[in-house]
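Enquirer: Could you have a look at this structure, given as structure tokens, before my questions?
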Amino acid sequence: MSYEATHWTIIPPFKNEPPVNFDLPENEKRMHEALEKVYKEFGREYDIVIGGKHYKTEKKIRSINPSKFDEVVGIVNSATEELADLAVQEAWKAYETWSRTPAWKRAEYLLKAAQLIRERKFEFDAWLVYEVGKNWIEADADVSEAIDFLEFYAREMLRYASEQPIVRIPGEYNELRYIPLGVGAIIPPWNFPLAILVGMTSAAIVTGNTVVLKPASDSPVIAAKFFEVMREVGLPDGVINFLPGSGALAGEFLVKHPKVRFISFTGSKDVGLRIHELAAKPQPGQIWIKRTVLEMGGKDAVVVDETADLDAAAEGIVVSAFGYQGQKCSAGSRAIVVKDVYDIVIEKVLERMKKIKMGDVRYKENWLGPVINKSSMEKIMAYIEIGKNEGQLIWGGNSREDLGGYFIEPTIFKDVAWNARIAQEEIFGPLLAFIKAEDFDDALRIANSTEYGLTGSLYSRDRTRIERAKEEFHVGNLYFNRKCTGALVGVHPFGGFNMSGTDSKAGGRDYLGLFLQAKVWSEKI
Ligand SMILES: NC(=O)c1ccc[n+]([C@@H]2O[C@H](COP(=O)([O-])OP(=O)(O)OC[C@H]3O[C@@H](n4cnc5c(N)ncnc54)[C@H](O)[C@@H]3O)[C@@H](O)[C@H]2O)c1
Ligand SMILES: N[C@@H](CCC=O)C(=O)O
């Protein structure tokens, strides 16, 4: 048995990180203390770090609290093309030794980082509350998922590094080994600014690659906090190079760079397709086909038929549509309900809407927070105007900047046609479209009618329909009689079809393979 395999057996099996129960007074108190502590750190400046060296630039990115837009959570330096180029060079220098570091040792850094984040969970939760406007529960789910990715990919690396099954023949010794790709650009989104960033980065490095990490401009501080953790656990310089910067400058420059071997991106369809196009074109001096992992948007549906538990369906519709203000790729922004129960479901949803409290998420009672920034608010408000011509507004519809942040009332339109813009385009905000279906067949057809294919839910008690949906509801993550958000690492490997991306199945057993290439050696004996 290889050393990696031996190690694998002594690490306890993977278990998802349990969420914090904020209803316990002790936990509520700890969260208040964390919010206070983090608040005192507001306004700090974070450097670009390349090969362990710190850099400042003239241009800065100010990270704003979307719940209170006069609060600056932190300031980061914005990279130039020269620094981006240096980051790629330093990453290649570090690759020389990192790619030869044993897999178990690389995995150990992830396990240590998971433990540090676990010990500081309330503090990380607080950063997410302030920087991206997540309520306490959503923030804690994000941090738990980040810990899960570290724990899961550490174990996965040991599995990939252990002996791989191949057919044996007499007279030859044959072996297949997974080896890293080289230097990668990691380009994550702001909406799961810890979990997704940590998942993408840790998968790339535990497999022996080195990376240039360009965080999203709305969430660079939490990215800097993760980078600090990786330095604290002793990750060698240059394995992760921390390079905040604009999407257009650092993003495109990195994507085109001839020495970038792979690009791991999670974000919008338009940017994902642009990266796909740029990465496909070989640059002078480039000697490989760039690998891209592109996880993109969704226009996800919750389907309800006449046999369903309608209370459970109404609850699922509300949580799927409005959890984290609808700013999830998995958000159920379409409720497709068969005509027999359409009005009842809407009534039940509206009853639940009355209970939603919106406001600054530093206060535990506010379930609905702000949207991420001004331009996002403007985009969502423009869709609300479009919606007024495409359906009947039955809830919300107003922006509430008067509360001091980028607040938009949760908004519902009914009687929306399946092909209306608000039923086809990803809005990424608290906007839900109710679509009436003739029957189950019609509902399924409507559910599949967009260019996306990320998540979906079916509420039904009809076993035959559930079995049909498994075959015909064309999404990467399909749920029955539960919400369409909240995939758990290891339990629900995540990724979508069609324009939702390359279906990488983050948090699944295939994921690390995307950052590796297989080499076979064969020796005559
Ligand atoms: N499928 C998934 O797993 C998943 C998960 C989370 C978010 N998302 C999607 O992400 C989107 C929201 O995130 P966002 O607003 O950060 O997306 P975005 O596409 O605007 O940005 C994502 C990242 O790309 C960078 N970027 C921007 N322009 C670039 C360019 N021209 N070249 C290279 N990089 C560039 C950004 O700085 C950011 O780091 C939504 O569409 C959502 O559905 C998908
Ligand atoms: N994995 C998350 C969504 C990530 C995209 O925003 C979920 O399952 O809700």
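Quick note on naming: the chains in the structure tokens go A, B, ... in the order shown, residues restart at 1 in each chain, and ligands are numbered from 1 in order of appearance.
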Which residues form the shell of 6 Å around ligand 2 when you count only C-alpha atoms and all ligand atoms, given as a PDB file with N, CA, C and O atoms, in the first residue's frame?

Expert:
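Result file follows (selection-v3.pdb):
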ATOM      1  N   LYS A 328     -28.150  33.494  -5.880  1.00  0.00           N
ATOM      2  CA  LYS A 328     -27.476  32.192  -5.975  1.00  0.00           C
ATOM      3  C   LYS A 328     -27.700  31.692  -7.384  1.00  0.00           C
ATOM      4  O   LYS A 328     -28.791  31.871  -7.942  1.00  0.00           O
ATOM      5  N   CYS A 329     -26.689  31.034  -7.936  1.00  0.00           N
ATOM      6  CA  CYS A 329     -26.868  30.452  -9.265  1.00  0.00           C
ATOM      7  C   CYS A 329     -27.977  29.411  -9.224  1.00  0.00           C
ATOM      8  O   CYS A 329     -28.621  29.122 -10.215  1.00  0.00           O
ATOM      9  N   SER A 330     -28.206  28.864  -8.033  1.00  0.00           N
ATOM     10  CA  SER A 330     -29.209  27.814  -7.834  1.00  0.00           C
ATOM     11  C   SER A 330     -30.589  28.366  -7.505  1.00  0.00           C
ATOM     12  O   SER A 330     -31.524  27.588  -7.291  1.00  0.00           O
ATOM     13  N   THR A 485     -31.858  24.940  -3.641  1.00  0.00           N
ATOM     14  CA  THR A 485     -30.574  25.522  -3.246  1.00  0.00           C
ATOM     15  C   THR A 485     -29.976  24.673  -2.125  1.00  0.00           C
ATOM     16  O   THR A 485     -30.648  23.796  -1.580  1.00  0.00           O
ATOM     17  N   GLY A 486     -28.708  24.997  -1.777  1.00  0.00           N
ATOM     18  CA  GLY A 486     -28.125  24.379  -0.579  1.00  0.00           C
ATOM     19  C   GLY A 486     -27.469  23.034  -0.793  1.00  0.00           C
ATOM     20  O   GLY A 486     -27.559  22.154   0.074  1.00  0.00           O
ATOM     21  N   ALA A 487     -26.769  22.866  -1.920  1.00  0.00           N
ATOM     22  CA  ALA A 487     -26.032  21.618  -2.147  1.00  0.00           C
ATOM     23  C   ALA A 487     -24.944  21.468  -1.086  1.00  0.00           C
ATOM     24  O   ALA A 487     -24.273  22.438  -0.727  1.00  0.00           O
TER      25      ALA A 487
END

Enquirer: Show me which residues are within 8 Å of ligand 1 counting only C-alpha atoms and all ligand atoms, and format the list as a PyMOL selection string.

Expert: chain A and resi 187-192+196+214-218+245-255+265-272+274-275+294-298+327-330+426+428+454+494-496+500-501+506

Enquirer: Using atom CA of A:Glu71 and atom CA of A:Gly404 as the two end points, give the distance in Å to one decimal.

Expert: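 These two atoms are separated by 10.1 Å.
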
Enquirer: Skipping near chain neighbours, those fewer than 6 positions away, what residues fall within 8 Å of A:Met377 using only C-alpha atoms, listed as a ChimeraX atom specification?

Expert: /A:371,399,406-408

Enquirer: Keeping only C-alpha atoms, write the selected residues to a file as a compact mmCIF listing (two decimals), in the first residue's frame.

Expert:
# COMPACT_ATOMS: atom_id res chain seq x y z
CA VAL A 371 -28.21 43.08 -3.08
CA SER A 399 -36.08 49.62 -4.07
CA TYR A 406 -28.87 48.33 -1.59
CA PHE A 407 -32.24 46.95 -0.55
CA ILE A 408 -34.92 45.72 -2.91

Enquirer: Can you tell me, as a list in words, what residues are no more than 9 Å from A:Tyr95 when counting only C-alpha atoms, ignoring any on the same chain fewer than 6 positions away?

Expert: Gly182, Val183, Gly208, Asn209, Thr210, Gly238 and Val239 of chain A
